[in-house]
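First up is the structure itself, then whatever we jot down about it.
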Amino acid sequence: MIAESAFIGREVRCGRDVAVGAGVVISGHCTIGDGCVIGAGAVLDGGSISTQGLTIEAGVVAMAGSIIEGNLTIGRQARVQAGAVVQRSVPPFAIVSGNPAQIVGYTLSNAPSLAAATRPADSTGISPSRVKGVTLHRFPKILDLRGNLTVGEFGRGVPFEPKRYFMVFGVPNAEIRGEHAHRVCEQFLICAQGSCHVVADDGENREEFVLDDPSTGLYLPALTWGIQYKYSPDAVLLVFASHFYDSAEYIRDYNEFSLLTARPH
């Protein structure tokens, strides 16, 4: 469905069920996947045929007046908010806004959050989530005038014995970390200072968690796509890993991850 006043260049490929609004300009080397919606007045420019070009994956919505140009990939089902100016690739399911565009959220599963619904804010224990195997852990917190304390035990509150830990800090608010899964490695995340948001994805369901208390941890089993973003300026994210570092153990392409986690029908 292409509005009469839209301009579509010669090097543009469109998939099925694509809707292009009035006044849209799509030029250069550009590929648009199935089911995309390009809002009125949006501009997409993929550059010359000799470049990688612009790839808009299936289900993307680019709202009115948005501008996307360059050798970029806009991941599946991402949302580009009205008037956003996109100058770098956007991961699958991300929502971006502003000039230059920054990630402001993710399109999540519609079901209510089990982790939030099954526990009072001041409780301890383990809460399930709608993402396969992912659990939210609240550890005891002892408040004392001499200084506060929280404690967890590996093999009990933390479901594995770690082989490695690392800390992430000094992350600019506009940046995202993670964007990968592990084949066998399990991880346990605690924001020891400040706060950050974590998106967990099992290939079918996604859920977002806010880690803003050192007595709260998030368990990510193997084959869970993890993203961390919205770091506060003082955030320090502590991550325990069940295995030593192995670059071959990482899955960094979401399409590969989707194939590995596809549910049989």
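Simple scheme: letters A, B, ... for chains in structure tokens order, numbers from 1 for residues in each chain, numbers from 1 for ligands in the order shown.
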Just asking: which residues within segment 40-201 of chain A are alpha helix (DSSP H) according to DSSP, as a VMD selection string?
chain A and resid 114 to 117
Give me a file of those residues, with all heavy atoms, as a PDB file, in the first residue's frame.
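And here's again_18.pdb as it stands now:
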```
ATOM      1  N   LEU A 114       5.352 -11.419  35.614  1.00  0.00           N
ATOM      2  CA  LEU A 114       5.214 -12.327  36.748  1.00  0.00           C
ATOM      3  C   LEU A 114       6.146 -11.929  37.874  1.00  0.00           C
ATOM      4  O   LEU A 114       5.818 -12.020  39.046  1.00  0.00           O
ATOM      5  CB  LEU A 114       5.518 -13.764  36.302  1.00  0.00           C
ATOM      6  CG  LEU A 114       4.507 -14.407  35.350  1.00  0.00           C
ATOM      7  CD1 LEU A 114       5.040 -15.739  34.860  1.00  0.00           C
ATOM      8  CD2 LEU A 114       3.172 -14.594  36.034  1.00  0.00           C
ATOM      9  N   ALA A 115       7.346 -11.478  37.514  1.00  0.00           N
ATOM     10  CA  ALA A 115       8.330 -11.113  38.538  1.00  0.00           C
ATOM     11  C   ALA A 115       7.808  -9.972  39.403  1.00  0.00           C
ATOM     12  O   ALA A 115       8.057  -9.921  40.606  1.00  0.00           O
ATOM     13  CB  ALA A 115       9.642 -10.719  37.885  1.00  0.00           C
ATOM     14  N   ALA A 116       7.101  -9.032  38.810  1.00  0.00           N
ATOM     15  CA  ALA A 116       6.564  -7.907  39.568  1.00  0.00           C
ATOM     16  C   ALA A 116       5.294  -8.295  40.306  1.00  0.00           C
ATOM     17  O   ALA A 116       5.017  -7.801  41.395  1.00  0.00           O
ATOM     18  CB  ALA A 116       6.288  -6.733  38.632  1.00  0.00           C
ATOM     19  N   ALA A 117       4.502  -9.200  39.703  1.00  0.00           N
ATOM     20  CA  ALA A 117       3.185  -9.489  40.260  1.00  0.00           C
ATOM     21  C   ALA A 117       3.216 -10.473  41.419  1.00  0.00           C
ATOM     22  O   ALA A 117       2.296 -10.518  42.222  1.00  0.00           O
ATOM     23  CB  ALA A 117       2.285 -10.041  39.158  1.00  0.00           C
TER      24      ALA A 117
END
```
Residues within 8 Å of segment 136-152 of chain A, please, as a ChimeraX atom specification. Count only C-alpha atoms; anything in the same chain fewer than 5 positions from it doesn't count.
/A:115,123-129,157-158,214-219
Strand (DSSP E or B) call set, DSSP backbone run, segment 19-247 of chain A, as a VMD selection string
chain A and resid 19 to 20 25 to 27 30 to 32 37 to 38 43 to 45 54 to 56 61 to 62 67 to 69 73 to 74 79 to 80 85 to 86 90 94 to 97 102 to 106 125 to 128 135 to 138 141 to 142 149 to 150 154 158 164 to 169 177 to 182 187 to 193 196 to 201 206 to 211 216 to 220 225 to 229 236 to 241
Identify, on the basis of only C-alpha atoms, every residue whose closest approach to Val43 of chain A does not exceed 6 Å; exclude the query and any residue fewer than 3 positions from it along the same chain; express the result as a list in words.
Val24, Val25, Ile26 and Ile67 of chain A
Write the selection just made, keeping C-alpha atoms, as a tab-separated table (two decimals), in the first residue's frame?
```tsv
chain	number	residue	atom	x	y	z
A	24	VAL	CA	7.44	9.47	2.13
A	25	VAL	CA	10.79	9.46	0.31
A	26	ILE	CA	12.65	6.14	0.04
A	67	ILE	CA	14.61	10.09	9.11
```
Sorted by chain and rising residue number, which residues of segment 93-176 of chain A lie within 9 Å of segment 227-237 of chain A, and what are their closest atom pairs and distances in Å to one decimal, counting only C-alpha atoms, as CSV?
```
residue,atom,partner,partner_atom,distance
A:Ile103,CA,A:Tyr229,CA,8.3
A:Val104,CA,A:Lys230,CA,8.0
A:Gly105,CA,A:Lys230,CA,8.9
A:Phe166,CA,A:Leu237,CA,8.3
A:Met167,CA,A:Leu237,CA,5.4
A:Val168,CA,A:Leu237,CA,5.0
A:Phe169,CA,A:Val236,CA,4.6
A:Gly170,CA,A:Pro233,CA,6.7
A:Val171,CA,A:Tyr231,CA,6.4
A:Pro172,CA,A:Pro233,CA,7.0
A:Asn173,CA,A:Tyr231,CA,5.3
A:Ala174,CA,A:Lys230,CA,7.1
A:Glu175,CA,A:Tyr229,CA,6.5
A:Ile176,CA,A:Tyr229,CA,4.6
```
Generate the output file for the selected residues, C-alpha atoms, as a PDB file, in the first residue's frame.
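Below is the file that was written, out_26.pdb:
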```pdb
ATOM      1  CA  ILE A 103      16.855   3.697  22.645  1.00  0.00           C
ATOM      2  CA  VAL A 104      14.066   4.618  25.055  1.00  0.00           C
ATOM      3  CA  GLY A 105      12.471   1.207  25.482  1.00  0.00           C
ATOM      4  CA  PHE A 166      33.068  -8.879  35.634  1.00  0.00           C
ATOM      5  CA  MET A 167      31.843  -5.373  36.383  1.00  0.00           C
ATOM      6  CA  VAL A 168      30.402  -2.819  33.971  1.00  0.00           C
ATOM      7  CA  PHE A 169      30.604   0.861  34.918  1.00  0.00           C
ATOM      8  CA  GLY A 170      31.000   4.309  33.418  1.00  0.00           C
ATOM      9  CA  VAL A 171      28.467   3.540  30.656  1.00  0.00           C
ATOM     10  CA  PRO A 172      27.051   6.641  28.915  1.00  0.00           C
ATOM     11  CA  ASN A 173      23.270   6.703  29.292  1.00  0.00           C
ATOM     12  CA  ALA A 174      22.718   6.511  25.525  1.00  0.00           C
ATOM     13  CA  GLU A 175      24.691   3.270  25.175  1.00  0.00           C
ATOM     14  CA  ILE A 176      23.486  -0.307  25.428  1.00  0.00           C
TER      15      ILE A 176
END
```
Set the distance at 6 Å and use only C-alpha atoms: which residues neighbour segment 80-97 of chain A once local chain neighbours fewer than 4 positions away are removed? I'd like the list as an MDAnalysis selection string.
chainID A and resid 62:68 72:76 101:107
Prev. selection, N, CA, C and O atoms, output as a short mmCIF file (atom, residue, chain, number, x, y, z; two decimals), in the first residue's frame:
```
data_model
loop_
_atom_site.label_atom_id
_atom_site.label_comp_id
_atom_site.auth_asym_id
_atom_site.auth_seq_id
_atom_site.Cartn_x
_atom_site.Cartn_y
_atom_site.Cartn_z
N ALA A 62 8.23 2.87 11.19
CA ALA A 62 8.92 4.16 11.18
C ALA A 62 7.83 5.23 11.14
O ALA A 62 7.15 5.39 10.12
N MET A 63 7.65 5.95 12.21
CA MET A 63 6.51 6.85 12.34
C MET A 63 6.74 8.15 11.57
O MET A 63 7.82 8.40 11.02
N ALA A 64 5.70 8.98 11.52
CA ALA A 64 5.68 10.18 10.69
C ALA A 64 6.89 11.07 10.95
O ALA A 64 7.26 11.33 12.09
N GLY A 65 7.49 11.54 9.85
CA GLY A 65 8.57 12.50 9.95
C GLY A 65 9.90 11.95 10.40
O GLY A 65 10.86 12.71 10.58
N SER A 66 10.01 10.65 10.58
CA SER A 66 11.29 10.08 10.99
C SER A 66 12.26 10.07 9.81
O SER A 66 11.86 10.04 8.65
N ILE A 67 13.56 10.09 10.13
CA ILE A 67 14.61 10.09 9.11
C ILE A 67 15.59 8.96 9.44
O ILE A 67 16.12 8.89 10.54
N ILE A 68 15.81 8.08 8.46
CA ILE A 68 16.74 6.96 8.63
C ILE A 68 17.63 6.95 7.40
O ILE A 68 17.14 6.81 6.28
N LEU A 72 22.76 1.11 7.52
CA LEU A 72 22.22 0.72 8.82
C LEU A 72 21.31 -0.49 8.68
O LEU A 72 20.81 -0.79 7.59
N THR A 73 21.07 -1.14 9.79
CA THR A 73 20.04 -2.18 9.88
C THR A 73 19.09 -1.81 11.01
O THR A 73 19.52 -1.58 12.14
N ILE A 74 17.81 -1.74 10.69
CA ILE A 74 16.78 -1.53 11.70
C ILE A 74 16.17 -2.90 11.98
O ILE A 74 15.51 -3.49 11.12
N GLY A 75 16.42 -3.44 13.16
CA GLY A 75 16.06 -4.81 13.49
C GLY A 75 14.56 -5.05 13.51
O GLY A 75 13.75 -4.13 13.63
N ARG A 76 14.21 -6.30 13.40
CA ARG A 76 12.81 -6.72 13.32
C ARG A 76 11.95 -6.12 14.43
O ARG A 76 12.34 -6.04 15.59
N ALA A 101 18.71 9.70 17.38
CA ALA A 101 17.83 8.74 18.04
C ALA A 101 18.58 7.91 19.08
O ALA A 101 19.72 7.49 18.87
N GLN A 102 17.91 7.70 20.21
CA GLN A 102 18.43 6.85 21.28
C GLN A 102 17.36 5.84 21.67
O GLN A 102 16.17 6.08 21.49
N ILE A 103 17.80 4.72 22.20
CA ILE A 103 16.85 3.70 22.65
C ILE A 103 16.16 4.17 23.93
O ILE A 103 16.82 4.51 24.91
N VAL A 104 14.84 4.18 23.89
CA VAL A 104 14.07 4.62 25.06
C VAL A 104 13.24 3.48 25.64
O VAL A 104 12.61 3.62 26.69
N GLY A 105 13.23 2.34 24.98
CA GLY A 105 12.47 1.21 25.48
C GLY A 105 12.53 0.06 24.49
O GLY A 105 13.22 0.12 23.48
N TYR A 106 11.78 -1.00 24.82
CA TYR A 106 11.68 -2.16 23.95
C TYR A 106 10.23 -2.61 23.87
O TYR A 106 9.47 -2.44 24.82
N THR A 107 9.84 -3.15 22.72
CA THR A 107 8.51 -3.72 22.60
C THR A 107 8.54 -5.07 23.31
O THR A 107 9.29 -5.97 22.93
#
```
Selection: 9 Å around Asp202 of chain A, only C-alpha atoms, excl. self and same-chain fewer than 2 positions, as a PyMOL selection string
chain A and resi 131-134+200+204-206+223-225+257-258+261
Record the distance separating atom CA of Pro159 of chain A and atom CA of Arg177 of chain A, expressed in Å with one decimal.
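Atom-to-atom, atom CA of Pro159 of chain A and atom CA of Arg177 of chain A are spaced 23.3 Å apart.
Minimum atom-to-atom distance to Gly23 of chain A, evaluated using only C-alpha atoms, belongs to A:Gly39 out of A:Glu57, A:Leu108, A:Glu11, A:Gly39.
Shortest separation to Gly41 of chain A among A:Gly226, A:Gly28, A:Ala22, A:Arg130 occurs at residue A:Ala22, atoms counted being only C-alpha atoms.
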